[in-house]
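A.B. asks: If you scroll down you'll find the structure; I have some questions about it.
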Amino acid sequence: MSTSPQHALRVLFVTSECTPFAMTGGLGDVSGALPVALREQGLDVRVVLPLYRSVDRGQLEELPGTLLVPTWDGAASARVWRGWLRAGTPVYFIDYPGYFDRPLIYGPNGGAYGDNLVRFAFLSRAAVELTRFLRWTPAVMHANDWQTALVPVYLDAFERAWPLSACASVLTIHNIGFQGVFPVEDIVFTGLTNGSSRGIEHWGSLNLLKAGIERATAVTTVSPSYAREIQTPQFGSGLQEDLRARASDLTGILNGIDTVVWDPRSDPHLPAHFDERSFEAKRECKAALQREAGLSERDDVPLLGVITRLTHQKGMDVLARALPRLFELDLQMVLLGAGDPEIEQSFLEAARRWPDRIRAWVGGYDNGLSHRIEAASDFLLMPSRYEPCGLNQMYSLRYGTLPIARATGGLDDTIEQYDERTGAGTGFKFHDLTPTTLFDVAGWAVSTWYDRPQHIRQMRARGMMKDFSWSAAAKTYEQLYVAASRRHRAPHAVDAVRALP
Ligand code: ADP
């Protein structure tokens with residue numbers, strides 16, 4: 001394992017999910033990748049995660065000593081284990097079986113355990129205490145989503161003494177829809193009091209994300225457009241005013257993608273490999289998928305792919321309603337997704353009604369198939385209502401597959417609109433989300449495919465050359481950490497000067 005550079009910027013990254021140890025969604029991907037990219041850039045980044053039951057202890061080492069965590073009913077004793085991500089990135093696991101030795105991370109059937117406030121307040125407090133346990137003081141603690149949004153609050157409320165008084169905090173919002181809202185009387189479980197709980201109340205409830213937004217040194221979200229959108233009533237989920245109040249400290253930084261796992265030159269899930277100079281093998285991928293899907297093996301018809309959770313957020317209800325008109329166009333569609341039972345049903349029915357036009361793999365999760373669809377499709381449909389960052393459009397661009405997407409959040413930031421006069425752009429974007437607008441934009445893409453194939457080729461090559469790697473994102477995070485640390489320390493420096501005789 002590599003050792004930590006002596007004078008490197010120290011960051012403690014606190015999260016409730018981290019791939020490959022424990023994950024349910026995008027937060028887990030970011031937590032498994034961003035700290036590694038930062039470490040590769042020379043920062044001393046370490047990760048904190050609960051020791052969930054699903055984590056394989058065989059890969060970990062138990063550290064000597066006890067981590068004492070102040071809780072609402074006295075000090076609790078936790079154990080600490082250590083594992084590793086790539087690039088010698090340490091991951092510290094908080095071992096407290098009463099809260100974390102459970103079958104699931106958040107609760108059964110996508111729901112929540114009744115004591116999630118206590119569990120994640122504990123994680124946040126334990127992360128702060130861990131810095132003392134390790135005798136390692138970070139310059140920045142980086143919290144993620146509501147589960148660890150109390151980290152900035154605890155730092156601000158309880159750590160007024162050096163050295164942690166000099167530690168800045170960053171809070172990243174991965175999805176503003178999840179805020180950690182609890183009954184106001186549960187404040188007791190956070191260990192905060194009237195004097196220390198500034199910002200936690202929202203419309204008569206506790207709101208952990210709101211408290212974090214108010215008290216973190218800096219707030220980030222996962223794309224520049226989403227950073228602007230969440231300051232409006234349409235996208236802010238009730239926190240738009242609180243975000244506007246922090247507008248000058250709010251930044252959008254695009255997530256990266258894993259460019260090793262998602263590489264059309266070497267992807268082991270594909271029957272053939274290609275790059276931006278030779279798309280020939282992309283045709284082979286298309287033919288193979290058409291066979292796998294039971295669709296006719298035609299190179300002269302555009303293939304539209306969909307890989308997503310089948311939910312309202314992803315606009316899948318609108319896509320389902322647009323299908324009858326879409327199939328007036330000469331196109332084929334392959335869809336892989338699971339989610340809302342009603343939406344699942346509508347795609348299954350569509351597949352029965354138009355068996356030669358659409359194949360729907362519904363209800364399961366299939367990673368290999370998602371790679372094959374990315375490689376085989378000519379277009380990928382992403383009509384999301386909102387999309388904080390989105391990954392699929394970046395995978396698509398890398399695989400020479402042109403996104404047809406709603407101009408929102410990270411989709412708007414990563415896709416350049418096609419210009420039919422010049423052939424510029426990397427995809428097809430639209431604004432209003434209705435079956436008609438979806439049909440119109442798909443029609444525009446499909447007619448371009450038939451009538452201006454040279455533009456399609458140029459757009460593919462352009463998309464494939466874009467840099468969506470984590471190292472690009474990590475550079476921006478590093479700048480943000482440095483700025484947050486300086487800004488946080490500035491008032492203390494002023495105090496110190498004032499204290500001089
Ligand atoms: P979100 O995190 O909101 O679901 P993202 O686009 O950020 O959306 O990430 C979703 C990821 O999950 C993408 O990589 C997508 O390809 C993948 N995915 C979604 N549904 C499935 C499925 N049924 N099978 C395989 N991969 C899927």
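Residue numbering restarts at 1 in every chain; chains get A, B, ... in the order shown in the structure tokens, and ligands count up from 1 in that same order.
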Using only C-alpha atoms and all ligand atoms, determine which residues fall within 7 Å of ligand 1, then list them as a PyMOL selection string.
C.D. replies: chain A and resi 25-26+307-309+336-338+363-367+369-370+387+389-392
A.B. asks: Could the residues in this selection be written to a file with all heavy atoms, as a compact mmCIF listing (two decimals), in the first residue's frame?
C.D. replies:
```
# COMPACT_ATOMS: atom_id res chain seq x y z
N GLY A 25 -26.74 3.01 -5.18
CA GLY A 25 -26.92 3.88 -6.34
C GLY A 25 -25.71 4.73 -6.63
O GLY A 25 -24.58 4.39 -6.25
N GLY A 26 -25.96 5.87 -7.27
CA GLY A 26 -24.90 6.74 -7.78
C GLY A 26 -23.91 7.20 -6.72
O GLY A 26 -22.71 7.32 -7.00
N ILE A 307 -31.70 2.31 -21.15
CA ILE A 307 -31.22 1.54 -20.00
C ILE A 307 -31.45 2.42 -18.79
O ILE A 307 -30.76 3.42 -18.60
CB ILE A 307 -29.70 1.26 -20.08
CG1 ILE A 307 -29.31 0.70 -21.45
CG2 ILE A 307 -29.27 0.32 -18.96
CD1 ILE A 307 -27.82 0.81 -21.73
N THR A 308 -32.40 2.05 -17.96
CA THR A 308 -32.72 2.99 -16.89
C THR A 308 -33.63 2.38 -15.84
O THR A 308 -34.25 1.34 -16.07
CB THR A 308 -33.42 4.24 -17.48
OG1 THR A 308 -33.63 5.19 -16.46
CG2 THR A 308 -34.75 3.89 -18.09
N ARG A 309 -33.71 3.08 -14.71
CA ARG A 309 -34.80 2.77 -13.79
C ARG A 309 -36.09 3.22 -14.47
O ARG A 309 -36.15 4.32 -15.05
CB ARG A 309 -34.61 3.53 -12.48
CG ARG A 309 -33.44 3.00 -11.68
CD ARG A 309 -33.32 3.69 -10.32
NE ARG A 309 -32.80 5.04 -10.45
CZ ARG A 309 -33.45 6.15 -10.10
NH1 ARG A 309 -34.66 6.06 -9.60
NH2 ARG A 309 -32.90 7.33 -10.23
N LEU A 336 -33.90 -1.88 -21.39
CA LEU A 336 -33.52 -2.67 -20.21
C LEU A 336 -33.82 -1.81 -18.99
O LEU A 336 -33.30 -0.70 -18.86
CB LEU A 336 -32.03 -2.99 -20.26
CG LEU A 336 -31.39 -3.54 -18.98
CD1 LEU A 336 -31.99 -4.89 -18.60
CD2 LEU A 336 -29.87 -3.68 -19.16
N GLY A 337 -34.68 -2.32 -18.11
CA GLY A 337 -34.96 -1.50 -16.93
C GLY A 337 -35.91 -2.18 -15.97
O GLY A 337 -36.58 -3.16 -16.30
N ALA A 338 -35.93 -1.64 -14.77
CA ALA A 338 -36.83 -2.14 -13.74
C ALA A 338 -37.31 -0.94 -12.95
O ALA A 338 -36.65 0.10 -12.91
CB ALA A 338 -36.08 -3.10 -12.82
N GLY A 363 -37.62 -5.68 -15.45
CA GLY A 363 -37.71 -6.23 -14.09
C GLY A 363 -36.38 -6.68 -13.51
O GLY A 363 -36.29 -6.93 -12.31
N GLY A 364 -35.32 -6.76 -14.33
CA GLY A 364 -34.04 -7.24 -13.78
C GLY A 364 -32.93 -6.23 -13.99
O GLY A 364 -33.12 -5.19 -14.62
N TYR A 365 -31.78 -6.55 -13.42
CA TYR A 365 -30.59 -5.72 -13.58
C TYR A 365 -29.55 -6.58 -14.26
O TYR A 365 -29.24 -7.66 -13.78
CB TYR A 365 -30.11 -5.25 -12.20
CG TYR A 365 -29.07 -4.16 -12.28
CD1 TYR A 365 -29.44 -2.81 -12.21
CD2 TYR A 365 -27.72 -4.47 -12.45
CE1 TYR A 365 -28.49 -1.81 -12.30
CE2 TYR A 365 -26.77 -3.46 -12.55
CZ TYR A 365 -27.17 -2.14 -12.46
OH TYR A 365 -26.22 -1.14 -12.55
N ASP A 366 -29.03 -6.16 -15.40
CA ASP A 366 -28.09 -6.98 -16.15
C ASP A 366 -26.95 -6.10 -16.68
O ASP A 366 -27.09 -5.41 -17.69
CB ASP A 366 -28.84 -7.66 -17.31
CG ASP A 366 -27.96 -8.67 -18.04
OD1 ASP A 366 -26.72 -8.52 -18.02
OD2 ASP A 366 -28.52 -9.59 -18.65
N ASN A 367 -25.84 -6.13 -15.97
CA ASN A 367 -24.72 -5.25 -16.30
C ASN A 367 -24.15 -5.53 -17.69
O ASN A 367 -23.94 -4.61 -18.49
CB ASN A 367 -23.64 -5.41 -15.22
CG ASN A 367 -22.48 -4.48 -15.44
OD1 ASN A 367 -22.68 -3.28 -15.68
ND2 ASN A 367 -21.27 -5.02 -15.42
N LEU A 369 -25.55 -6.88 -20.29
CA LEU A 369 -26.49 -6.45 -21.32
C LEU A 369 -26.47 -4.93 -21.47
O LEU A 369 -26.56 -4.40 -22.59
CB LEU A 369 -27.90 -6.96 -20.96
CG LEU A 369 -29.02 -6.64 -21.95
CD1 LEU A 369 -28.69 -7.13 -23.36
CD2 LEU A 369 -30.34 -7.26 -21.47
N SER A 370 -26.32 -4.22 -20.36
CA SER A 370 -26.29 -2.75 -20.46
C SER A 370 -25.07 -2.31 -21.29
O SER A 370 -25.18 -1.39 -22.10
CB SER A 370 -26.30 -2.09 -19.08
OG SER A 370 -25.03 -2.17 -18.46
N GLU A 387 -32.20 15.31 -13.79
CA GLU A 387 -31.05 14.39 -13.83
C GLU A 387 -29.85 15.12 -13.23
O GLU A 387 -29.18 15.90 -13.90
CB GLU A 387 -30.78 14.02 -15.29
CG GLU A 387 -29.89 12.82 -15.48
CD GLU A 387 -30.49 11.54 -14.95
OE1 GLU A 387 -31.40 10.99 -15.59
OE2 GLU A 387 -30.04 11.11 -13.87
N CYS A 389 -26.79 14.37 -12.51
CA CYS A 389 -25.63 14.25 -13.39
C CYS A 389 -25.95 13.28 -14.53
O CYS A 389 -25.96 13.64 -15.68
CB CYS A 389 -24.39 13.78 -12.63
SG CYS A 389 -22.98 13.58 -13.74
N GLY A 390 -26.27 12.03 -14.16
CA GLY A 390 -26.52 11.01 -15.18
C GLY A 390 -25.21 10.42 -15.64
O GLY A 390 -24.22 11.13 -15.82
N LEU A 391 -25.18 9.11 -15.82
CA LEU A 391 -23.97 8.44 -16.27
C LEU A 391 -24.12 7.91 -17.69
O LEU A 391 -23.20 7.96 -18.49
CB LEU A 391 -23.67 7.26 -15.34
CG LEU A 391 -23.35 7.62 -13.90
CD1 LEU A 391 -23.30 6.36 -13.04
CD2 LEU A 391 -22.04 8.38 -13.82
N ASN A 392 -25.34 7.42 -17.97
CA ASN A 392 -25.54 6.72 -19.24
C ASN A 392 -25.19 7.53 -20.46
O ASN A 392 -24.69 7.00 -21.44
CB ASN A 392 -27.01 6.31 -19.35
CG ASN A 392 -27.17 4.88 -18.92
OD1 ASN A 392 -26.27 4.09 -19.13
ND2 ASN A 392 -28.29 4.57 -18.34
```
A.B. asks: Running DSSP on the backbone, which parts of stretch 146-314 of chain A land in strand (DSSP E), as a PyMOL selection string?
C.D. replies: chain A and resi 168-173+181-183+201-202+205-207+218-221+250-252+303-310
A.B. asks: Pick out the residues sitting within 9 Å of stretch 413-423 of chain A, and hand them over as a PyMOL selection string; count only C-alpha atoms, and ignore anything fewer than 5 positions along from it in its own chain.
C.D. replies: chain A and resi 223-225+254+389+393-394+397+403+405+407-408+428-429+448+452+454-456+458-459+463+468
A.B. asks: For the atom pair atom CA of A:Ala75 and atom CA of A:Val128, what is the interatomic distance in Å to one decimal place?
C.D. replies: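 A separation of 13.9 Å between them.
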A.B. asks: List the spatial neighbours of A:Glu40 as a PyMOL selection string - criterion: any atom at most 10 Å away, only C-alpha atoms, same-chain residues fewer than 2 positions off excluded.
C.D. replies: chain A and resi 34-38+42-45+86-89+471+474
A.B. asks: Please compute the atom CA of A:Gly58-atom CA of A:Ala126 distance, one decimal, in Å.
C.D. replies: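 Computing the Euclidean distance for atom CA of A:Gly58 and atom CA of A:Ala126 yields 22.9 Å.
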A.B. asks: Considering only C-alpha atoms, state which residue in the set A:Phe178, A:Trp470, A:Trp354, A:Trp262 is at the smallest distance from A:Arg39.
C.D. replies: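 Distance minimum relative to A:Arg39 lands on A:Trp470.
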A.B. asks: Pick from A:Pro183, A:Gly177, A:Pro324, A:Pro70: nearest to A:Leu117, with only C-alpha atoms counted?
C.D. replies: A:Pro183
